[in-house]
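Worksheet: the structure to be examined is printed underneath.
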Amino acid sequence: MIESVPLLSAESIGWSPDASPVLGPLDFRLDRGDLVVVVGHNGAGKTSLLRLLAGIIRPTRGELNWQSKPYTERSRRDLARDIAYLPQLSPLSTPLTVREFVHLGRYPHQSRWSVGPTREDFILVEATLQRLALDDISERPLGQLSGGERQRAALAGALAQGGSVWLLDEPTTHLDPQHRLEILRLLEELHQEGVTMVVTTHDLNLAARLATRVVALSDGEIRAEGRPEEVLQPDTLEHLFHVSFEVEQTPSGLRIWMPF
């Protein structure tokens, strides 16, 4: 039986911007249809891993491949056609409106000689704004949006970009319960429609609900990897976070909490 070629793979990658290693060496594989959730403490290397996979920073050792072809053979623009990166929410001072921001998602698909968005770009952006219920606020500057609205705008930009892989760094951080559930349902819906994802989070119950595979990261190294029910267990979680956890299997899935 011939093994399928992964969409994205990392072979012994590491990142050491100075004398101290931040990440790796580690191996990582992402197959079409995966929804990998990366968990770990602050400073574990989760954001660095996503930035490496997105091609924003280059590994100081090892190799990254897109469908078995090295990243180094592709431009950042080429990678952006296939890989959408959504960083953590942060205060925004940009004067861009929601519509202008979503249009930026089409930039990797425009030719070098393009004078602006095409008719197809406009149609796609308007459909995306409507789908994510942003059409009524499309002329508002990003800096005037609530956290939930801003996160929906970020997802709209990725949807307009059209990448087959999404890398999302803490997509529900700083959101209230209503908007957190809204974003969670949207991610589930997009995954069912065929988007392959890597998501970092501190929310272990979100990881249990979303993930087809969980990667537990600590001090820049993968400590455990597997199905949620294999990785999200008290011993592993205590090793990662240095506090005790209770894990219960319920009819709707795992429930994880910290006892007082």
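Chain labels follow the order of the structure tokens: the first chain is A, the next B, and so on; residue numbering restarts at 1 in every chain, and ligands are counted from 1 in their shown order.
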Those in stretch 2-241 of chain A with strand (DSSP E) from DSSP, as a PyMOL selection string: chain A and resi 8-15+23-30+35-39+61-66+69-70+83-86+165-169+196-200+213-218+221-226
message: Could you list, as a ChimeraX atom specification, every residue within 9 Å of A:Asp31, counting only C-alpha atoms and ignoring same-chain residues fewer than 5 positions away?
response: /A:4-9,196
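Checking A:His202, A:Arg209, A:Arg61, A:His174 one by one against A:Lys46, counting only C-alpha atoms, you find the shortest gap at A:His202.
With only C-alpha atoms as the atoms that count, the minimum distance from A:Tyr107 to the choices A:Gly162, A:Arg58, A:Gly253, A:His242 is reached by A:Gly162.
The spacing separating atom CA of A:Glu221 from atom CA of A:Leu26 amounts to 6.4 Å.
The list of residues with at least one atom within 9 Å of A:Asp78, based on only C-alpha atoms and without residues fewer than 5 positions apart in the same chain, reads Ile83, Pro108 and His109 of chain A.
The space separating atom CA of A:Pro228 from atom CA of A:Arg213 comes to 6.1 Å.
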Residue among A:Leu79, A:Leu53, A:Leu181, A:Val36 lying closest to A:Val195, counting only C-alpha atoms: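 Nearest to A:Val195: A:Val36.
Distances here use only C-alpha atoms; by that measure, the residue among A:Val199, A:Leu186, A:Ile56, A:Ile137 closest to A:Leu159 is A:Leu186.
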query: Could you pull the residues within 10 Å of A:Ala133, counting only C-alpha atoms, minus those fewer than 4 positions along the same chain, as a list in words?
result: Ala127, Thr128, Leu129, Ile137, Ser138, Glu149, Arg152, Ala153 and Ala156 of chain A
Using N, CA and C atoms, can you write the selected residues to a file as a JSON list (two decimals), in the first residue's frame?
[["chain", "number", "residue", "atom", "x", "y", "z"],
["A", 127, "ALA", "N", -19.71, 37.67, -0.99],
["A", 127, "ALA", "CA", -20.32, 36.43, -0.51],
["A", 127, "ALA", "C", -19.74, 36.04, 0.86],
["A", 128, "THR", "N", -18.45, 36.28, 1.05],
["A", 128, "THR", "CA", -17.80, 35.96, 2.33],
["A", 128, "THR", "C", -18.32, 36.87, 3.43],
["A", 129, "LEU", "N", -18.45, 38.16, 3.15],
["A", 129, "LEU", "CA", -18.98, 39.10, 4.15],
["A", 129, "LEU", "C", -20.39, 38.69, 4.59],
["A", 137, "ILE", "N", -21.53, 45.63, 8.79],
["A", 137, "ILE", "CA", -20.46, 46.42, 9.42],
["A", 137, "ILE", "C", -19.23, 46.48, 8.50],
["A", 138, "SER", "N", -19.42, 46.22, 7.22],
["A", 138, "SER", "CA", -18.29, 46.10, 6.30],
["A", 138, "SER", "C", -17.53, 47.40, 6.11],
["A", 149, "GLU", "N", -16.30, 40.38, 16.62],
["A", 149, "GLU", "CA", -16.41, 40.88, 15.25],
["A", 149, "GLU", "C", -15.06, 40.85, 14.55],
["A", 152, "ARG", "N", -14.21, 37.33, 13.54],
["A", 152, "ARG", "CA", -14.97, 36.94, 12.34],
["A", 152, "ARG", "C", -14.37, 37.58, 11.10],
["A", 153, "ALA", "N", -13.91, 38.82, 11.22],
["A", 153, "ALA", "CA", -13.25, 39.48, 10.09],
["A", 153, "ALA", "C", -11.98, 38.74, 9.69],
["A", 156, "ALA", "N", -12.97, 35.72, 7.89],
["A", 156, "ALA", "CA", -13.45, 36.09, 6.56],
["A", 156, "ALA", "C", -12.27, 36.32, 5.61]]
Polymer residues at most 6 Å from A:Gly40, only C-alpha atoms, same-chain spacing of 2 or more positions, as a PDB file with C-alpha atoms, in the first residue's frame:
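Generated file (part05.pdb):
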ATOM      1  CA  ALA A  44       5.844  26.081  24.919  1.00  0.00           C
ATOM      2  CA  ALA A 216       1.000  18.322  23.321  1.00  0.00           C
ATOM      3  CA  LEU A 217       3.926  20.747  23.203  1.00  0.00           C
ATOM      4  CA  SER A 218       6.232  21.563  26.111  1.00  0.00           C
TER       5      SER A 218
END
query: Looking only at the backbone, which of the residues in stretch 18-228 of chain A does DSSP tag as helix (DSSP H, G or I), as a PyMOL selection string?
result: chain A and resi 46-53+71-73+76-82+98-104+107-109+119-131+135-137+142-144+147-161+177-192+204-210+228
query: Hey, what's within 8 Å of A:Ser12 if we count only C-alpha atoms and toss same-chain stuff fewer than 6 positions away? As a PyMOL selection string, please?
result: chain A and resi 24-27+61-63
- prompt: Hey, which of A:Glu120, A:Val243, A:Asp203, A:Thr212 ends up closest to A:Arg255? Count only C-alpha atoms.
  reply: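 Of A:Glu120, A:Val243, A:Asp203, A:Thr212, the one nearest A:Arg255 is A:Asp203, counting only C-alpha atoms.
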- request: Tell me which protein, DNA and RNA residues are within 6 Å of stretch 15-17 of chain A, counting only C-alpha atoms, leaving out same-chain ones fewer than 3 positions away, and put them as a list in words.
  value: Ser20, Pro21, Val22, Leu23, Pro59 and Thr60 of chain A
